[in-house]
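**Q** Could you have a look at this structure, given as structure tokens, before my questions?
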Amino acid sequence: MSCLLECRSITKKFGTFCALSDINFTIERGRIVGLLGPNGSGKSTFIKIANGLLTPTSGEIIINGSSVGTETKKMVSYLPERTYLNNWMKVSEMIAYFSDFYDDFDKNKAYEMLQRLGISPDAKLKTLSKGTKEKVQLILVMSRNADIYLLDEPIGGVDPAARDYILNTIITNYNENSSVIISTHLISDIEQVLDDVIFIKNGHLVLTSSVEDIRMNQEKSIDAYFREVFRC
Amino acid sequence: MTWNLKSNQPIYTQLLETIQIRIISGFYPVGGKLPSVRELAAEAAVNPNTMQKALSELERSGLIHSQRTTGRFITEDTVMIRKLREDIAREHIEKFFKSMEQIGFTNEETEELIIAITRREEV
């Protein structure tokens, strides 16, 4: 299998605080990976570095053979932890905006998902609830045909039914050429859809493993194993 | 016959068992076509790679076979399906006897109890 993302001894310091410390791992194509860790463990920092929103203090991330930059931004579809949608726009205008911005944006896919979740394209974003806005944001991100989807807490603010739909969207959009990285601490909700997990704690990589190996060797769920590894 | 997945066991073995049960119960008919990996994964809400792994395992055992372009089919070998059905029944029964043993029943006592209960229900 070919390597899609390679994280080469990434270290990120904010002043004297070390957010990530010498992180190394690779992600292959066609995988759904959970980036798991307690609050403040460095999950979002990693995702922002992979996006080019932050530069690492040392080390580099290679995506599809190129170091993070303009080229890799075309391949990466990013769902940030908070929404950045323009409140004065309508949903349909936002879709047009994304479609202008990204070559790989599939409008039909976006409208189809809006319909499934019962969101009107004519609605102004400022009239939508927080959860609905998050759904719109996720629809925009998942409607691209990208190589990597970086989803920072995609299911935190939405109700359980929509959560199921979102996971279903991730599974059905899955193809063997792209990978999805999901950062979350809602492990029990997503562990069935994951291939691999990456545990990080205080900026250190604790383990990378396939979900089935953990279930087989530990005879417990990822959620239970996480609670054990990160016991407070 | 839903995909009732337990959280403390590997997922693919549970998928495999559910598909086996669906085959021996006739939910997926002999010689019939299986839904695609993607459809099955979505239905069970699991990762497509995991479903793929379960299906590969079933293919290896001969219970299903894939035809290059048209998809995966259940075997037409009814002897094989019948044998699987018996194997699974035996497993269930052995497990049952073991748990009866734990609450202090010998095999003979358990058998007697089974007969007593089934007779009473028939009356």
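Identifiers in the structure tokens: chain A, B, ... in order shown; residue index from 1 per chain; ligand index from 1 in order shown.
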At a cut-off of 6 Å, using only C-alpha atoms, what residues contact Val76 (chain A)? Leave out same-chain residues fewer than 4 positions from it and give the result as a ChimeraX atom specification.
**A** /A:146,148-149
**Q** Those same residues - N, CA and C atoms - I'd like them written as a compact mmCIF listing (two decimals), in the first residue's frame.
**A**
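Full text of out34.txt as output:
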# COMPACT_ATOMS: atom_id res chain seq x y z
N ALA A 146 -11.28 14.94 -2.33
CA ALA A 146 -9.90 15.19 -1.91
C ALA A 146 -9.17 13.88 -1.65
N ILE A 148 -7.12 13.62 1.18
CA ILE A 148 -7.19 13.48 2.63
C ILE A 148 -8.29 14.38 3.19
N TYR A 149 -9.08 13.84 4.06
CA TYR A 149 -10.06 14.65 4.79
C TYR A 149 -9.57 14.74 6.22
**Q** If we count only C-alpha atoms, which residues of chain B reach to within 7 Å of chain A? Please list them as a PyMOL selection string.
**A** chain B and resi 7-11+38+42+45-48
**Q** Write the selection just made, keeping C-alpha atoms, as a short mmCIF file (atom, residue, chain, number, x, y, z; two decimals), in the first residue's frame?
**A**
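Heads up, here's the output in again09.cif:
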data_model
loop_
_atom_site.label_atom_id
_atom_site.label_comp_id
_atom_site.auth_asym_id
_atom_site.auth_seq_id
_atom_site.Cartn_x
_atom_site.Cartn_y
_atom_site.Cartn_z
CA SER B 7 -17.56 -3.75 21.74
CA ASN B 8 -15.03 -6.11 23.31
CA GLN B 9 -14.48 -8.46 20.36
CA PRO B 10 -12.89 -7.96 16.97
CA ILE B 11 -15.45 -6.50 14.60
CA ARG B 38 -20.18 -0.74 0.56
CA ALA B 42 -23.19 1.09 5.50
CA ALA B 45 -22.23 1.01 10.19
CA VAL B 46 -18.70 -0.33 10.02
CA ASN B 47 -15.58 0.46 8.08
CA PRO B 48 -15.64 -0.98 4.52
#
**Q** Among region 8-183 of chain A, which residues does DSSP mark as strand (DSSP E) when it is run on the backbone? Keep the chain and numbering as in the structure and answer as number ranges by chain.
**A** A: 8-14, 17-28, 32-36, 58-63, 66-67, 76-79, 148-152, 179-183
**Q** Calculated over only C-alpha atoms, which of the candidates A:Ile47, A:Ala96, A:Met113, A:Leu20 has the smallest distance to Asp152 (chain A)?
**A**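 Residue with the minimum atom-to-atom distance to Asp152 (chain A): A:Ile47.
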**Q** In region 50-174 of chain A, what's alpha helix (DSSP H) per DSSP? Answer as a PyMOL selection string?
**A** chain A and resi 50-51+70-75+91-101+107-116+130-142+160-173
**Q** Which residues are near region 95-98 of chain B? Cut-off 7 Å, only C-alpha atoms, ignore same chain within fewer than 4 positions. Put them as a list of chain:residue names.
**A**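 So, after excluding close chain neighbours, the residues are B:Glu91, B:Gln102, B:Asn107.
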**Q** Please, could you write that set of residues out with N, CA and C atoms as a short mmCIF file (atom, residue, chain, number, x, y, z; two decimals), in the first residue's frame?
**A**
data_model
loop_
_atom_site.label_atom_id
_atom_site.label_comp_id
_atom_site.auth_asym_id
_atom_site.auth_seq_id
_atom_site.Cartn_x
_atom_site.Cartn_y
_atom_site.Cartn_z
N GLU B 91 -21.96 -25.80 18.58
CA GLU B 91 -21.29 -24.79 19.40
C GLU B 91 -22.22 -24.20 20.45
N GLN B 102 -21.90 -24.65 35.20
CA GLN B 102 -21.50 -23.61 36.16
C GLN B 102 -22.53 -23.40 37.26
N ASN B 107 -24.66 -33.00 32.98
CA ASN B 107 -25.25 -33.09 31.64
C ASN B 107 -26.57 -33.86 31.67
#
**Q** Near Pro121 (chain A), counting only C-alpha atoms, which residues have an atom at most 6 Å away, once you skip same-chain residues fewer than 2 positions from it, shown as number ranges by chain?
**A** A: 91-92, 123
**Q** Which residue out of A:Ser77, A:Thr55, A:Thr127, A:Asn177 has the minimum interatomic distance to Phe101 (chain A) when only C-alpha atoms are used?
**A**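 Of all the options, A:Ser77 lies closest to Phe101 (chain A).
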**Q** Skip Tyr28 (chain B) itself and residues of its chain fewer than 4 positions away, then list as number ranges by chain all residues within 12 Å of it, counting only C-alpha atoms.
**A** B: 1, 18-24, 32-35, 63-64, 72-76, 81
**Q** Output N, CA and C atoms for every residue in the selection just made, as a PDB file, in the first residue's frame.
**A**
ATOM      1  N   MET B   1     -32.263 -10.198  13.026  1.00  0.00           N
ATOM      2  CA  MET B   1     -30.898 -10.480  12.596  1.00  0.00           C
ATOM      3  C   MET B   1     -30.164  -9.194  12.247  1.00  0.00           C
ATOM      4  N   THR B  18     -22.348 -13.026  11.732  1.00  0.00           N
ATOM      5  CA  THR B  18     -23.686 -12.567  11.339  1.00  0.00           C
ATOM      6  C   THR B  18     -24.002 -12.996   9.908  1.00  0.00           C
ATOM      7  N   ILE B  19     -23.030 -12.885   9.024  1.00  0.00           N
ATOM      8  CA  ILE B  19     -23.284 -13.282   7.635  1.00  0.00           C
ATOM      9  C   ILE B  19     -23.514 -14.789   7.546  1.00  0.00           C
ATOM     10  N   GLN B  20     -22.723 -15.551   8.309  1.00  0.00           N
ATOM     11  CA  GLN B  20     -22.934 -17.006   8.341  1.00  0.00           C
ATOM     12  C   GLN B  20     -24.361 -17.337   8.764  1.00  0.00           C
ATOM     13  N   ILE B  21     -24.808 -16.660   9.821  1.00  0.00           N
ATOM     14  CA  ILE B  21     -26.164 -16.942  10.313  1.00  0.00           C
ATOM     15  C   ILE B  21     -27.200 -16.541   9.264  1.00  0.00           C
ATOM     16  N   ARG B  22     -26.951 -15.429   8.592  1.00  0.00           N
ATOM     17  CA  ARG B  22     -27.882 -15.006   7.548  1.00  0.00           C
ATOM     18  C   ARG B  22     -27.932 -16.027   6.411  1.00  0.00           C
ATOM     19  N   ILE B  23     -26.814 -16.695   6.172  1.00  0.00           N
ATOM     20  CA  ILE B  23     -26.797 -17.688   5.107  1.00  0.00           C
ATOM     21  C   ILE B  23     -27.526 -18.961   5.550  1.00  0.00           C
ATOM     22  N   ILE B  24     -27.191 -19.467   6.733  1.00  0.00           N
ATOM     23  CA  ILE B  24     -27.820 -20.731   7.128  1.00  0.00           C
ATOM     24  C   ILE B  24     -29.301 -20.570   7.426  1.00  0.00           C
ATOM     25  N   GLY B  32     -27.629 -17.128  -4.001  1.00  0.00           N
ATOM     26  CA  GLY B  32     -28.049 -15.737  -4.221  1.00  0.00           C
ATOM     27  C   GLY B  32     -26.881 -14.772  -4.198  1.00  0.00           C
ATOM     28  N   LYS B  33     -27.173 -13.540  -4.602  1.00  0.00           N
ATOM     29  CA  LYS B  33     -26.133 -12.518  -4.659  1.00  0.00           C
ATOM     30  C   LYS B  33     -26.103 -11.762  -3.334  1.00  0.00           C
ATOM     31  N   LEU B  34     -24.886 -11.509  -2.859  1.00  0.00           N
ATOM     32  CA  LEU B  34     -24.722 -10.696  -1.652  1.00  0.00           C
ATOM     33  C   LEU B  34     -24.744  -9.214  -2.020  1.00  0.00           C
ATOM     34  N   PRO B  35     -25.212  -8.359  -1.119  1.00  0.00           N
ATOM     35  CA  PRO B  35     -25.065  -6.916  -1.366  1.00  0.00           C
ATOM     36  C   PRO B  35     -23.571  -6.560  -1.467  1.00  0.00           C
ATOM     37  N   LEU B  63     -17.698 -20.487   1.483  1.00  0.00           N
ATOM     38  CA  LEU B  63     -19.125 -20.236   1.677  1.00  0.00           C
ATOM     39  C   LEU B  63     -19.670 -19.205   0.676  1.00  0.00           C
ATOM     40  N   ILE B  64     -18.840 -18.264   0.305  1.00  0.00           N
ATOM     41  CA  ILE B  64     -19.225 -17.345  -0.766  1.00  0.00           C
ATOM     42  C   ILE B  64     -18.109 -17.325  -1.808  1.00  0.00           C
ATOM     43  N   ARG B  72     -20.509 -10.802  -5.413  1.00  0.00           N
ATOM     44  CA  ARG B  72     -20.290 -12.000  -4.596  1.00  0.00           C
ATOM     45  C   ARG B  72     -21.576 -12.802  -4.471  1.00  0.00           C
ATOM     46  N   PHE B  73     -21.417 -14.124  -4.517  1.00  0.00           N
ATOM     47  CA  PHE B  73     -22.568 -15.011  -4.444  1.00  0.00           C
ATOM     48  C   PHE B  73     -22.410 -16.033  -3.333  1.00  0.00           C
ATOM     49  N   ILE B  74     -23.562 -16.455  -2.774  1.00  0.00           N
ATOM     50  CA  ILE B  74     -23.572 -17.528  -1.781  1.00  0.00           C
ATOM     51  C   ILE B  74     -23.334 -18.840  -2.512  1.00  0.00           C
ATOM     52  N   THR B  75     -22.627 -19.734  -1.857  1.00  0.00           N
ATOM     53  CA  THR B  75     -22.365 -21.035  -2.471  1.00  0.00           C
ATOM     54  C   THR B  75     -23.675 -21.774  -2.799  1.00  0.00           C
ATOM     55  N   GLU B  76     -23.609 -22.665  -3.803  1.00  0.00           N
ATOM     56  CA  GLU B  76     -24.786 -23.491  -4.096  1.00  0.00           C
ATOM     57  C   GLU B  76     -24.654 -24.862  -3.462  1.00  0.00           C
ATOM     58  N   ILE B  81     -23.551 -25.810   3.500  1.00  0.00           N
ATOM     59  CA  ILE B  81     -24.377 -24.941   4.334  1.00  0.00           C
ATOM     60  C   ILE B  81     -24.996 -25.742   5.481  1.00  0.00           C
TER      61      ILE B  81
END
**Q** Please provide the set of residues having any atom within 12 Å of Glu109 (chain B), restricted to only C-alpha atoms, with same-chain residues fewer than 6 positions apart removed, written as a PDB file with C-alpha atoms, in the first residue's frame.
**A**
ATOM      1  CA  PHE B  97     -24.089 -27.220  28.676  1.00  0.00           C
ATOM      2  CA  MET B 100     -25.490 -25.174  33.031  1.00  0.00           C
ATOM      3  CA  GLU B 101     -22.481 -26.878  34.558  1.00  0.00           C
ATOM      4  CA  ILE B 103     -24.796 -23.482  38.026  1.00  0.00           C
ATOM      5  CA  ILE B 115     -37.108 -32.845  28.020  1.00  0.00           C
ATOM      6  CA  ALA B 116     -39.359 -31.843  30.866  1.00  0.00           C
TER       7      ALA B 116
END
**Q** For Thr83 (chain A), which residue among A:Cys232, A:Cys3, A:Cys18, A:Val141 is the nearest when counting only C-alpha atoms?
**A**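 Checking each of A:Cys232, A:Cys3, A:Cys18, A:Val141 against Thr83 (chain A), counting only C-alpha atoms, the winner is A:Val141.
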**Q** Which one is closest to Thr16 (chain A): A:Thr57, A:Ser183, A:Thr208, A:Asn108? Count only C-alpha atoms.
**A**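 Closest candidate: A:Thr57.
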**Q** Which distance in Å separates CA of Asn39 (chain A) and CA of Lys73 (chain A), to one decimal?
**A**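 Calculated distance between CA of Asn39 (chain A) and CA of Lys73 (chain A) is 26.4 Å.
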**Q** Counting only C-alpha atoms, which residue out of A:Val136, A:Thr70, A:Gly65, A:Tyr78 sits closest to Lys90 (chain A)?
**A**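 The closest residue to Lys90 (chain A) is A:Val136.
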**Q** What is the distance, in Å and to one decimal place, between CA of Glu28 (chain A) and CA of Leu79 (chain A)?
**A**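 A separation of 20.0 Å between them.
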**Q** In Å, how far is it from CA of Ile95 (chain A) to CA of Ser120 (chain A)?
**A** 12.2 Å
**Q** Determine, counting only C-alpha atoms, which protein, DNA and RNA residues have an atom within 12 Å of an atom of Ser56 (chain B); residues of the same chain fewer than 3 positions away are not included. Present the result as a CSV table (one decimal) with N, CA and C atoms, in the first residue's frame.
**A**
chain,number,residue,atom,x,y,z
B,12,TYR,N,-14.5,-7.8,12.8
B,12,TYR,CA,-14.7,-8.6,11.6
B,12,TYR,C,-15.2,-10.0,11.9
B,13,THR,N,-14.8,-10.6,13.1
B,13,THR,CA,-15.3,-11.9,13.4
B,13,THR,C,-16.8,-11.9,13.6
B,15,LEU,N,-18.9,-9.7,12.2
B,15,LEU,CA,-19.5,-9.6,10.9
B,15,LEU,C,-19.6,-10.9,10.2
B,16,LEU,N,-18.5,-11.7,10.3
B,16,LEU,CA,-18.4,-13.0,9.7
B,16,LEU,C,-19.5,-13.9,10.2
B,37,VAL,N,-19.9,-4.7,-0.8
B,37,VAL,CA,-19.2,-4.4,0.4
B,37,VAL,C,-19.7,-3.1,1.0
B,49,ASN,N,-13.3,-1.5,5.0
B,49,ASN,CA,-12.2,-2.5,5.0
B,49,ASN,C,-12.4,-3.7,5.9
B,50,THR,N,-13.1,-3.4,7.0
B,50,THR,CA,-13.4,-4.4,8.0
B,50,THR,C,-14.4,-5.4,7.4
B,51,MET,N,-15.4,-4.9,6.7
B,51,MET,CA,-16.4,-5.7,6.0
B,51,MET,C,-15.7,-6.6,4.9
B,52,GLN,N,-14.8,-5.9,4.2
B,52,GLN,CA,-14.0,-6.6,3.2
B,52,GLN,C,-13.3,-7.8,3.8
B,53,LYS,N,-12.7,-7.6,4.9
B,53,LYS,CA,-11.9,-8.6,5.6
B,53,LYS,C,-12.8,-9.8,5.9
B,59,GLU,N,-14.9,-16.1,1.8
B,59,GLU,CA,-14.5,-16.6,0.5
B,59,GLU,C,-13.5,-17.7,0.6
B,60,ARG,N,-12.6,-17.5,1.6
B,60,ARG,CA,-11.5,-18.6,1.8
B,60,ARG,C,-12.2,-19.9,2.2
B,61,SER,N,-13.2,-19.7,3.1
B,61,SER,CA,-13.9,-20.9,3.5
B,61,SER,C,-14.8,-21.6,2.5
B,62,GLY,N,-15.0,-20.9,1.4
B,62,GLY,CA,-15.8,-21.4,0.3
B,62,GLY,C,-17.3,-21.1,0.4
B,63,LEU,N,-17.7,-20.5,1.5
B,63,LEU,CA,-19.1,-20.2,1.7
B,63,LEU,C,-19.7,-19.2,0.7
B,64,ILE,N,-18.8,-18.3,0.3
B,64,ILE,CA,-19.2,-17.3,-0.8
B,64,ILE,C,-18.1,-17.3,-1.8
B,65,HIS,N,-18.4,-16.9,-3.0
B,65,HIS,CA,-17.4,-16.8,-4.0
B,65,HIS,C,-17.7,-15.5,-4.8
B,66,SER,N,-16.6,-14.9,-5.4
B,66,SER,CA,-16.8,-13.7,-6.1
B,66,SER,C,-16.7,-14.0,-7.6
B,72,ARG,N,-20.5,-10.8,-5.4
B,72,ARG,CA,-20.3,-12.0,-4.6
B,72,ARG,C,-21.6,-12.8,-4.5
